[in-house]
Amino acid sequence: MAQVTASLLCGAVVALLSSAVLAVVEDLDQTFKDTRMNDIWLVDFYAPWCGYCKKLEPVWAEVGAELKGSGSPVRVGKMDATAYSGMSSEFGVRGYPTIKLLKGELAYNYKGPRTKDDIVEFANRVSGPAVRPLPSKQMFEHMLKRHDVLFVYVGGESPLKEKYIDVATELIVYTYFFSASEEALPESMSLPEIPSVVVFKDGSYFTYDEYEDGSLSSWINKERFQGYLQIDGFTLYELGETGKLVAIAVIDDKDPSEECIRLKSLIQMVAKDYRQHFNRDFQFGHMDGSDYINSLIMGEVKVPSVIILNTSNEQYFLPDGPTDTLEDLVDFITGVLNGSAQAYGGDGIVQRVKRVVFDARSTIMSVFRSSPVLGCFLFGLPLGVISLMCYGICTADSDPDAGDMELMKREGFTDEEEEEEEEEEEQRQTAQLEGPENDEEEEEEEVEEEEKAPEQKKTD
């Protein structure tokens, strides 16, 4: 009886948890298009057969529970993009899973890591106002400690503020935007003019200059990262959207040698001390290990070393000599900037073919490393079947008659000629057998003729 009661309790708990998940993540259908304008929605467009979508499913349930529990106005849903392909196409879904936050007429794509904290932070940031006010010095100091990079518009109403709001509406998927009066800033700050757009990062602040920096959107997009970063594959993808070249110290963070520490320090010094020269065109950082870089350039770089990547056209630059000093590193970066440094790689046809071959080989090798038996089955079996088919085709027996005929044709014979040849051969053999008898008869005839010759003379 106790076991039955426990089973019933477990079943009830599971049912409650399932209903709770269903409550925080809603399944969306064709009616969503007509009702979505009333709320802010965070939607996962998925495909039932997609492995990445299945991996995201438990994370998505946690996201729904977190947002609902915190009182967020964001509603969380999911839609089978294969069942409602027309609606998914209207929202610009091109792959699975695709995460979008829908706010009125606006749709924001999420491109960050698929973790609960990152997705929740994205939802809270984008669902709020594009520009958040900082009414006091205390609030300003609090936000300055909370964010590594902080964009602030300082001043009252102006055309610059209108541009700032437009850019914030576009780029809020990447970072927060704030506005403040001059009184809310620290007394130690002095701005060249008011109104201004200021970015606080790397322990300092930098002001937007329309004449030197170009468009406000481009300047914010380039300044939304710290001057020096620890770079991984995802960060490198994001840095590609800034249009900057990426200077990377490839080191071993797990077992750093003296050379690794020295090279990392040099990159940090260039990022800080040469910001005025290189910040507009370069992003600086370090990467742990060379595996990702090697796969990117389809080559091999040693650890430690320096490499500069152009993610827009897949080119890369390597120093010609050692980079033992700050001057060596600065000269190398300057050479890349003025075009004198040798560029490798690229996105031409040859490199694309090389990329296809490299990726295919890497896939095969990874399969064999992870599961040799599976690799033999996936690649060995088809190759074996193809080999047997080729062997069978090459060694198949042809029609004997046809082969003999072909041989006779090559030797210049036909059926009639072969028969004539056989008859002549038989005649030659018969003649050889009858030869001695004919010779004796001929000798007797000659003797008789000799005996008759005197008699004919006497008669005469």
# chains A, B, ... in the order shown; residues from 1 in each chain; ligands from 1
>>> closest_atom_pairs(of="range 56-92 of chain A", to="range 122-125 of chain A", cutoff="10 Å", atoms="only C-alpha atoms", output="CSV")
residue,atom,partner,partner_atom,distance
A:Val63,CA,A:Ala123,CA,9.5
A:Leu67,CA,A:Asn124,CA,8.5
A:Ser72,CA,A:Asn124,CA,7.4
A:Pro73,CA,A:Asn124,CA,8.9
A:Val74,CA,A:Ala123,CA,7.3
A:Arg75,CA,A:Ala123,CA,9.8
A:Val76,CA,A:Ala123,CA,9.8
>>> write_last_selection(atoms="C-alpha atoms", output="short mmCIF file (atom, residue, chain, number, x, y, z; two decimals), in the first residue's frame")
data_model
loop_
_atom_site.label_atom_id
_atom_site.label_comp_id
_atom_site.auth_asym_id
_atom_site.auth_seq_id
_atom_site.Cartn_x
_atom_site.Cartn_y
_atom_site.Cartn_z
CA VAL A 63 14.50 30.41 -19.44
CA LEU A 67 11.47 35.04 -16.71
CA SER A 72 9.33 39.84 -16.53
CA PRO A 73 6.79 41.04 -19.10
CA VAL A 74 8.37 38.72 -21.66
CA ARG A 75 6.31 35.66 -22.61
CA VAL A 76 8.24 32.60 -23.73
#
>>> closest_atom_pairs(of="range 204-314 of chain A", to="range 108-121 of chain A", cutoff="10 Å", atoms="only C-alpha atoms", output="JSON lines")
{"residue": "A:Phe234", "atom": "CA", "partner": "A:Pro113", "partner_atom": "CA", "distance": 7.9}
{"residue": "A:Thr235", "atom": "CA", "partner": "A:Gly112", "partner_atom": "CA", "distance": 9.3}
{"residue": "A:Tyr237", "atom": "CA", "partner": "A:Lys111", "partner_atom": "CA", "distance": 9.9}
{"residue": "A:Glu238", "atom": "CA", "partner": "A:Lys111", "partner_atom": "CA", "distance": 8.7}
>>> residues_around(residues="range 32-45 of chain A", least_positions_apart="3", cutoff="6 Å", atoms="only C-alpha atoms", output="list in words")
Asp29, Val74, Arg75, Val76, Gly77, Lys78, Met79, Ala81, Pro97, Thr98, Ile99, Lys100, Leu101, Leu102, Lys103 and Gly104 of chain A
>>> write_last_selection(atoms="all heavy atoms", output="CSV table (one decimal), in the first residue's frame")
chain,number,residue,atom,x,y,z
A,29,ASP,N,0.9,28.5,-32.6
A,29,ASP,CA,0.4,28.0,-33.8
A,29,ASP,C,0.1,29.1,-34.8
A,29,ASP,O,0.6,30.3,-34.6
A,29,ASP,CB,-0.8,27.1,-33.6
A,29,ASP,CG,-1.9,27.9,-32.8
A,29,ASP,OD1,-1.9,29.1,-32.8
A,29,ASP,OD2,-2.7,27.2,-32.1
A,74,VAL,N,8.1,39.5,-20.5
A,74,VAL,CA,8.4,38.7,-21.7
A,74,VAL,C,7.7,37.4,-21.5
A,74,VAL,O,7.9,36.6,-20.5
A,74,VAL,CB,9.9,38.5,-21.9
A,74,VAL,CG1,10.2,37.7,-23.1
A,74,VAL,CG2,10.6,39.9,-22.0
A,75,ARG,N,6.9,37.0,-22.5
A,75,ARG,CA,6.3,35.7,-22.6
A,75,ARG,C,7.2,34.8,-23.5
A,75,ARG,O,7.7,35.2,-24.5
A,75,ARG,CB,4.9,35.7,-23.2
A,75,ARG,CG,3.9,36.6,-22.3
A,75,ARG,CD,2.6,36.7,-23.0
A,75,ARG,NE,1.9,35.4,-23.1
A,75,ARG,CZ,0.7,35.3,-23.6
A,75,ARG,NH1,0.0,36.4,-24.0
A,75,ARG,NH2,0.1,34.1,-23.6
A,76,VAL,N,7.3,33.5,-23.1
A,76,VAL,CA,8.2,32.6,-23.7
A,76,VAL,C,7.4,31.6,-24.5
A,76,VAL,O,6.5,31.0,-23.9
A,76,VAL,CB,9.2,31.9,-22.7
A,76,VAL,CG1,10.1,30.9,-23.5
A,76,VAL,CG2,10.0,32.9,-21.9
A,77,GLY,N,7.8,31.3,-25.8
A,77,GLY,CA,7.0,30.4,-26.6
A,77,GLY,C,8.0,29.6,-27.5
A,77,GLY,O,9.2,30.0,-27.6
A,78,LYS,N,7.4,28.6,-28.1
A,78,LYS,CA,8.2,27.9,-29.2
A,78,LYS,C,7.3,27.5,-30.3
A,78,LYS,O,6.1,27.3,-30.1
A,78,LYS,CB,8.8,26.6,-28.6
A,78,LYS,CG,7.9,25.6,-28.0
A,78,LYS,CD,8.6,24.4,-27.4
A,78,LYS,CE,7.6,23.4,-26.8
A,78,LYS,NZ,8.3,22.2,-26.4
A,79,MET,N,7.8,27.5,-31.5
A,79,MET,CA,7.0,27.2,-32.7
A,79,MET,C,7.8,26.2,-33.6
A,79,MET,O,8.9,26.3,-33.8
A,79,MET,CB,6.7,28.5,-33.5
A,79,MET,CG,6.0,28.3,-34.8
A,79,MET,SD,5.6,29.8,-35.7
A,79,MET,CE,4.4,30.5,-34.6
A,81,ALA,N,8.9,25.3,-36.7
A,81,ALA,CA,9.0,26.1,-38.0
A,81,ALA,C,8.8,25.2,-39.2
A,81,ALA,O,8.5,25.8,-40.3
A,81,ALA,CB,10.4,26.6,-38.0
A,97,PRO,N,18.2,26.0,-34.3
A,97,PRO,CA,17.1,26.8,-33.8
A,97,PRO,C,17.3,28.3,-34.0
A,97,PRO,O,18.5,28.7,-34.1
A,97,PRO,CB,17.0,26.5,-32.3
A,97,PRO,CG,18.5,26.2,-32.0
A,97,PRO,CD,19.0,25.5,-33.2
A,98,THR,N,16.3,29.1,-34.2
A,98,THR,CA,16.4,30.5,-34.3
A,98,THR,C,15.6,31.2,-33.1
A,98,THR,O,14.5,30.8,-32.9
A,98,THR,CB,15.8,31.0,-35.6
A,98,THR,OG1,16.6,30.6,-36.7
A,98,THR,CG2,15.8,32.6,-35.6
A,99,ILE,N,16.3,32.0,-32.4
A,99,ILE,CA,15.7,32.7,-31.2
A,99,ILE,C,15.5,34.1,-31.6
A,99,ILE,O,16.4,34.8,-32.0
A,99,ILE,CB,16.6,32.6,-30.0
A,99,ILE,CG1,16.8,31.1,-29.6
A,99,ILE,CG2,16.0,33.3,-28.8
A,99,ILE,CD1,17.8,30.8,-28.5
A,100,LYS,N,14.3,34.6,-31.4
A,100,LYS,CA,13.9,36.0,-31.7
A,100,LYS,C,13.1,36.6,-30.5
A,100,LYS,O,12.2,35.9,-30.0
A,100,LYS,CB,13.1,36.1,-33.0
A,100,LYS,CG,13.9,35.8,-34.3
A,100,LYS,CD,13.0,35.9,-35.5
A,100,LYS,CE,13.8,35.8,-36.8
A,100,LYS,NZ,14.6,37.0,-37.1
A,101,LEU,N,13.3,37.8,-30.3
A,101,LEU,CA,12.5,38.6,-29.4
A,101,LEU,C,11.6,39.5,-30.2
A,101,LEU,O,12.2,40.3,-31.0
A,101,LEU,CB,13.3,39.4,-28.3
A,101,LEU,CG,12.4,40.0,-27.3
A,101,LEU,CD1,13.0,39.8,-25.9
A,101,LEU,CD2,12.2,41.5,-27.5
A,102,LEU,N,10.3,39.4,-30.1
A,102,LEU,CA,9.4,40.2,-30.9
A,102,LEU,C,8.7,41.2,-30.0
A,102,LEU,O,8.1,40.9,-29.0
A,102,LEU,CB,8.3,39.2,-31.5
A,102,LEU,CG,8.9,38.0,-32.3
A,102,LEU,CD1,7.8,37.1,-32.7
A,102,LEU,CD2,9.7,38.5,-33.5
A,103,LYS,N,9.0,42.5,-30.4
A,103,LYS,CA,8.4,43.6,-29.6
A,103,LYS,C,7.8,44.6,-30.6
A,103,LYS,O,8.4,45.4,-31.3
A,103,LYS,CB,9.6,44.3,-28.8
A,103,LYS,CG,9.1,45.4,-27.9
A,103,LYS,CD,10.2,45.9,-27.0
A,103,LYS,CE,11.3,46.6,-27.7
A,103,LYS,NZ,12.3,47.2,-26.8
A,104,GLY,N,6.4,44.5,-30.6
A,104,GLY,CA,5.7,45.3,-31.6
A,104,GLY,C,6.1,44.9,-33.0
A,104,GLY,O,6.0,43.7,-33.4
>>> closest_atom_pairs(of="range 226-276 of chain A", to="range 334-340 of chain A", cutoff="12 Å", atoms="only C-alpha atoms", output="tab-separated table")
residue	atom	partner	partner_atom	distance
A:Lys244	CA	A:Leu337	CA	11.1
A:Leu245	CA	A:Leu337	CA	9.3
A:Val246	CA	A:Val336	CA	11.2
A:Ala247	CA	A:Val336	CA	10.3
A:Val270	CA	A:Thr334	CA	11.5
A:Tyr274	CA	A:Thr334	CA	11.1
>>> residues_around(residues="Phe177 in chain A", least_positions_apart="2", cutoff="10 Å", atoms="only C-alpha atoms", output="JSON, numbers by chain")
{"A": [125, 129, 130, 131, 132, 133, 149, 150, 151, 152, 153, 164, 165, 167, 168, 169, 171, 172, 174, 175, 179, 199]}
>>> residues_around(residues="Phe206 in chain A", least_positions_apart="3", cutoff="12 Å", atoms="only C-alpha atoms", output="list of chain:residue names")
A:Val149, A:Leu150, A:Phe151, A:Val152, A:Met189, A:Ser190, A:Leu191, A:Pro192, A:Ser196, A:Val197, A:Val198, A:Val199, A:Phe200, A:Lys201, A:Asp202, A:Gly203, A:Asp209, A:Asp213, A:Trp219, A:Ile220, A:Glu223, A:Arg224, A:Gly227, A:Arg275, A:Gln276, A:Asn279
>>> write_last_selection(atoms="N, CA, C and O atoms", output="JSON list (two decimals), in the first residue's frame")
[["chain", "number", "residue", "atom", "x", "y", "z"],
["A", 149, "VAL", "N", 31.52, 47.74, -20.42],
["A", 149, "VAL", "CA", 31.44, 48.79, -21.45],
["A", 149, "VAL", "C", 30.10, 49.50, -21.27],
["A", 149, "VAL", "O", 29.05, 48.85, -21.25],
["A", 150, "LEU", "N", 30.14, 50.82, -21.14],
["A", 150, "LEU", "CA", 28.92, 51.58, -20.83],
["A", 150, "LEU", "C", 28.82, 52.78, -21.78],
["A", 150, "LEU", "O", 29.70, 53.64, -21.81],
["A", 151, "PHE", "N", 27.75, 52.82, -22.57],
["A", 151, "PHE", "CA", 27.49, 53.95, -23.46],
["A", 151, "PHE", "C", 26.49, 54.89, -22.79],
["A", 151, "PHE", "O", 25.43, 54.46, -22.33],
["A", 152, "VAL", "N", 26.85, 56.18, -22.78],
["A", 152, "VAL", "CA", 26.00, 57.18, -22.11],
["A", 152, "VAL", "C", 25.88, 58.40, -23.01],
["A", 152, "VAL", "O", 26.90, 58.93, -23.50],
["A", 189, "MET", "N", 35.17, 64.39, -14.26],
["A", 189, "MET", "CA", 35.02, 64.29, -15.71],
["A", 189, "MET", "C", 34.83, 65.67, -16.32],
["A", 189, "MET", "O", 34.14, 66.53, -15.77],
["A", 190, "SER", "N", 35.47, 65.85, -17.47],
["A", 190, "SER", "CA", 35.23, 67.08, -18.22],
["A", 190, "SER", "C", 35.09, 66.72, -19.70],
["A", 190, "SER", "O", 35.98, 66.09, -20.28],
["A", 191, "LEU", "N", 33.95, 67.06, -20.27],
["A", 191, "LEU", "CA", 33.66, 66.75, -21.67],
["A", 191, "LEU", "C", 33.95, 67.96, -22.54],
["A", 191, "LEU", "O", 33.75, 69.12, -22.12],
["A", 192, "PRO", "N", 34.45, 67.73, -23.76],
["A", 192, "PRO", "CA", 34.79, 68.86, -24.64],
["A", 192, "PRO", "C", 33.56, 69.68, -25.01],
["A", 192, "PRO", "O", 33.68, 70.88, -25.26],
["A", 196, "SER", "N", 27.04, 65.09, -25.73],
["A", 196, "SER", "CA", 28.09, 64.18, -26.18],
["A", 196, "SER", "C", 27.63, 62.74, -25.97],
["A", 196, "SER", "O", 26.77, 62.45, -25.13],
["A", 197, "VAL", "N", 28.25, 61.85, -26.71],
["A", 197, "VAL", "CA", 28.08, 60.41, -26.50],
["A", 197, "VAL", "C", 29.42, 59.89, -26.01],
["A", 197, "VAL", "O", 30.45, 60.08, -26.67],
["A", 198, "VAL", "N", 29.41, 59.22, -24.86],
["A", 198, "VAL", "CA", 30.64, 58.79, -24.20],
["A", 198, "VAL", "C", 30.58, 57.29, -23.96],
["A", 198, "VAL", "O", 29.51, 56.74, -23.63],
["A", 199, "VAL", "N", 31.71, 56.61, -24.14],
["A", 199, "VAL", "CA", 31.82, 55.20, -23.79],
["A", 199, "VAL", "C", 32.82, 55.09, -22.64],
["A", 199, "VAL", "O", 33.92, 55.64, -22.69],
["A", 200, "PHE", "N", 32.41, 54.39, -21.60],
["A", 200, "PHE", "CA", 33.26, 54.14, -20.44],
["A", 200, "PHE", "C", 33.75, 52.68, -20.51],
["A", 200, "PHE", "O", 32.95, 51.74, -20.48],
["A", 201, "LYS", "N", 35.08, 52.51, -20.58],
["A", 201, "LYS", "CA", 35.65, 51.17, -20.60],
["A", 201, "LYS", "C", 37.16, 51.26, -20.36],
["A", 201, "LYS", "O", 37.75, 52.34, -20.51],
["A", 202, "ASP", "N", 37.75, 50.14, -20.00],
["A", 202, "ASP", "CA", 39.19, 50.03, -19.79],
["A", 202, "ASP", "C", 39.70, 51.06, -18.79],
["A", 202, "ASP", "O", 40.83, 51.56, -18.91],
["A", 203, "GLY", "N", 38.87, 51.39, -17.80],
["A", 203, "GLY", "CA", 39.29, 52.33, -16.77],
["A", 203, "GLY", "C", 39.35, 53.76, -17.21],
["A", 203, "GLY", "O", 39.94, 54.60, -16.51],
["A", 209, "ASP", "N", 33.41, 61.59, -31.77],
["A", 209, "ASP", "CA", 33.67, 62.78, -32.60],
["A", 209, "ASP", "C", 33.17, 62.48, -34.01],
["A", 209, "ASP", "O", 33.72, 61.62, -34.70],
["A", 213, "ASP", "N", 35.29, 60.05, -36.33],
["A", 213, "ASP", "CA", 34.81, 58.67, -36.14],
["A", 213, "ASP", "C", 33.74, 58.25, -37.13],
["A", 213, "ASP", "O", 33.34, 57.09, -37.14],
["A", 219, "TRP", "N", 30.72, 53.76, -34.99],
["A", 219, "TRP", "CA", 31.59, 54.00, -33.84],
["A", 219, "TRP", "C", 31.16, 53.15, -32.65],
["A", 219, "TRP", "O", 32.01, 52.51, -31.99],
["A", 220, "ILE", "N", 29.87, 53.09, -32.37],
["A", 220, "ILE", "CA", 29.39, 52.28, -31.25],
["A", 220, "ILE", "C", 29.64, 50.79, -31.51],
["A", 220, "ILE", "O", 30.02, 50.04, -30.59],
["A", 223, "GLU", "N", 33.23, 50.14, -30.72],
["A", 223, "GLU", "CA", 33.64, 50.40, -29.33],
["A", 223, "GLU", "C", 32.91, 49.52, -28.30],
["A", 223, "GLU", "O", 33.16, 49.65, -27.11],
["A", 224, "ARG", "N", 32.08, 48.61, -28.74],
["A", 224, "ARG", "CA", 31.27, 47.84, -27.78],
["A", 224, "ARG", "C", 32.04, 46.71, -27.10],
["A", 224, "ARG", "O", 31.48, 45.98, -26.28],
["A", 227, "GLY", "N", 39.13, 46.97, -24.86],
["A", 227, "GLY", "CA", 40.30, 47.07, -25.73],
["A", 227, "GLY", "C", 41.08, 45.77, -25.82],
["A", 227, "GLY", "O", 41.73, 45.50, -26.83],
["A", 275, "ARG", "N", 46.43, 52.96, -28.27],
["A", 275, "ARG", "CA", 45.00, 53.02, -28.62],
["A", 275, "ARG", "C", 44.75, 54.08, -29.69],
["A", 275, "ARG", "O", 44.00, 53.83, -30.64],
["A", 276, "GLN", "N", 45.36, 55.23, -29.57],
["A", 276, "GLN", "CA", 45.12, 56.32, -30.52],
["A", 276, "GLN", "C", 45.54, 55.92, -31.94],
["A", 276, "GLN", "O", 44.95, 56.39, -32.91],
["A", 279, "ASN", "N", 43.32, 51.64, -32.40],
["A", 279, "ASN", "CA", 42.00, 51.21, -31.91],
["A", 279, "ASN", "C", 40.94, 51.21, -33.00],
["A", 279, "ASN", "O", 40.04, 50.36, -33.01]]
>>> select_by_dssp(residues="range 112-254 of chain A", states="helix (DSSP H, G or I)", output="number ranges by chain")
A: 116-127, 137-146, 159-171, 182-184, 210-213, 216-223, 233-240
>>> residues_around(residues="Asn310 in chain A", least_positions_apart="6", cutoff="12 Å", atoms="only C-alpha atoms", output="list in words")
Leu236, Tyr237, Leu239, Gly240, Glu241, Thr242, Gly243, Lys244, Leu245, Val246, Ala247, Ile248, Asp281, Phe282, Gln283, Leu296, Ile297, Tyr316, Phe317, Leu318, Val336, Leu337, Ala343, Tyr344, Gly345, Gly346 and Asp347 of chain A
>>> atom_distance(atom1="CA of Ile307 in chain A", atom2="CA of Gly233 in chain A")
14.8 Å
>>> select_by_dssp(residues="range 86-139 of chain A", states="strand (DSSP E or B)", output="ChimeraX atom specification")
/A:98-103,106-109,132-134
>>> residues_around(residues="Asp291 in chain A", least_positions_apart="2", cutoff="12 Å", atoms="only C-alpha atoms", output="VMD selection string")
chain A and resid 232 to 233 250 to 252 287 to 289 293 to 303 362
>>> write_last_selection(atoms="C-alpha atoms", output="CSV table (one decimal), in the first residue's frame")
chain,number,residue,atom,x,y,z
A,232,ASP,CA,37.3,32.2,-28.2
A,233,GLY,CA,35.4,31.0,-31.3
A,250,VAL,CA,48.2,32.5,-29.2
A,251,ILE,CA,49.3,31.2,-25.8
A,252,ASP,CA,48.8,28.3,-23.4
A,287,MET,CA,43.5,32.8,-27.2
A,288,ASP,CA,44.1,29.7,-25.2
A,289,GLY,CA,45.7,27.1,-27.5
A,293,ILE,CA,43.3,29.1,-35.2
A,294,ASN,CA,44.8,26.1,-37.0
A,295,SER,CA,41.4,25.0,-38.2
A,296,LEU,CA,40.6,28.6,-39.3
A,297,ILE,CA,43.7,29.1,-41.3
A,298,MET,CA,44.0,25.4,-42.4
A,299,GLY,CA,47.6,25.4,-41.2
A,300,GLU,CA,49.5,25.4,-38.0
A,301,VAL,CA,50.8,28.1,-35.7
A,302,LYS,CA,53.2,27.5,-32.9
A,303,VAL,CA,52.5,28.4,-29.3
A,362,SER,CA,38.8,17.0,-40.5
>>> atom_distance(atom1="CA of Val24 in chain A", atom2="CA of Glu57 in chain A")
12.7 Å
>>> decode(residues="range 101-120 of chain A", atoms="N, CA, C and O atoms", output="short mmCIF file (atom, residue, chain, number, x, y, z; two decimals), in the first residue's frame")
data_model
loop_
_atom_site.label_atom_id
_atom_site.label_comp_id
_atom_site.auth_asym_id
_atom_site.auth_seq_id
_atom_site.Cartn_x
_atom_site.Cartn_y
_atom_site.Cartn_z
N LEU A 101 13.34 37.83 -30.26
CA LEU A 101 12.48 38.59 -29.37
C LEU A 101 11.64 39.53 -30.22
O LEU A 101 12.18 40.32 -30.99
N LEU A 102 10.33 39.39 -30.09
CA LEU A 102 9.38 40.17 -30.89
C LEU A 102 8.74 41.22 -30.00
O LEU A 102 8.07 40.90 -29.00
N LYS A 103 8.96 42.48 -30.39
CA LYS A 103 8.42 43.61 -29.61
C LYS A 103 7.75 44.58 -30.57
O LYS A 103 8.42 45.36 -31.25
N GLY A 104 6.43 44.48 -30.64
CA GLY A 104 5.70 45.30 -31.60
C GLY A 104 6.06 44.91 -33.02
O GLY A 104 6.02 43.73 -33.39
N GLU A 105 6.45 45.89 -33.81
CA GLU A 105 6.85 45.62 -35.19
C GLU A 105 8.30 45.19 -35.31
O GLU A 105 8.75 44.82 -36.39
N LEU A 106 9.04 45.24 -34.21
CA LEU A 106 10.47 44.94 -34.24
C LEU A 106 10.72 43.47 -33.90
O LEU A 106 10.03 42.88 -33.07
N ALA A 107 11.72 42.91 -34.56
CA ALA A 107 12.14 41.53 -34.30
C ALA A 107 13.65 41.53 -34.13
O ALA A 107 14.39 41.97 -35.02
N TYR A 108 14.12 41.04 -32.98
CA TYR A 108 15.55 41.02 -32.67
C TYR A 108 16.05 39.58 -32.65
O TYR A 108 15.48 38.72 -31.98
N ASN A 109 17.14 39.35 -33.37
CA ASN A 109 17.76 38.03 -33.39
C ASN A 109 18.73 37.88 -32.23
O ASN A 109 19.52 38.80 -31.95
N TYR A 110 18.69 36.71 -31.59
CA TYR A 110 19.66 36.41 -30.56
C TYR A 110 20.79 35.60 -31.18
O TYR A 110 20.55 34.55 -31.79
N LYS A 111 22.05 36.05 -31.00
CA LYS A 111 23.20 35.39 -31.60
C LYS A 111 24.23 34.95 -30.57
O LYS A 111 25.34 34.55 -30.93
N GLY A 112 23.87 35.01 -29.30
CA GLY A 112 24.83 34.69 -28.25
C GLY A 112 24.84 33.22 -27.88
O GLY A 112 24.18 32.39 -28.52
N PRO A 113 25.58 32.88 -26.83
CA PRO A 113 25.63 31.49 -26.36
C PRO A 113 24.25 31.02 -25.90
O PRO A 113 23.47 31.79 -25.34
N ARG A 114 23.94 29.74 -26.13
CA ARG A 114 22.63 29.21 -25.79
C ARG A 114 22.62 28.67 -24.36
O ARG A 114 22.45 27.49 -24.10
N THR A 115 22.85 29.59 -23.42
CA THR A 115 22.77 29.27 -22.01
C THR A 115 21.63 30.06 -21.38
O THR A 115 21.22 31.11 -21.90
N LYS A 116 21.16 29.58 -20.24
CA LYS A 116 20.02 30.24 -19.60
C LYS A 116 20.33 31.68 -19.24
O LYS A 116 19.55 32.61 -19.54
N ASP A 117 21.47 31.92 -18.60
CA ASP A 117 21.80 33.27 -18.14
C ASP A 117 21.95 34.25 -19.30
O ASP A 117 21.46 35.39 -19.22
N ASP A 118 22.61 33.83 -20.36
CA ASP A 118 22.81 34.73 -21.50
C ASP A 118 21.49 35.05 -22.19
O ASP A 118 21.25 36.19 -22.60
N ILE A 119 20.62 34.06 -22.34
CA ILE A 119 19.34 34.30 -23.02
C ILE A 119 18.43 35.17 -22.16
O ILE A 119 17.77 36.09 -22.68
N VAL A 120 18.42 34.93 -20.85
CA VAL A 120 17.59 35.75 -19.96
C VAL A 120 18.08 37.19 -19.95
O VAL A 120 17.28 38.15 -19.99
#
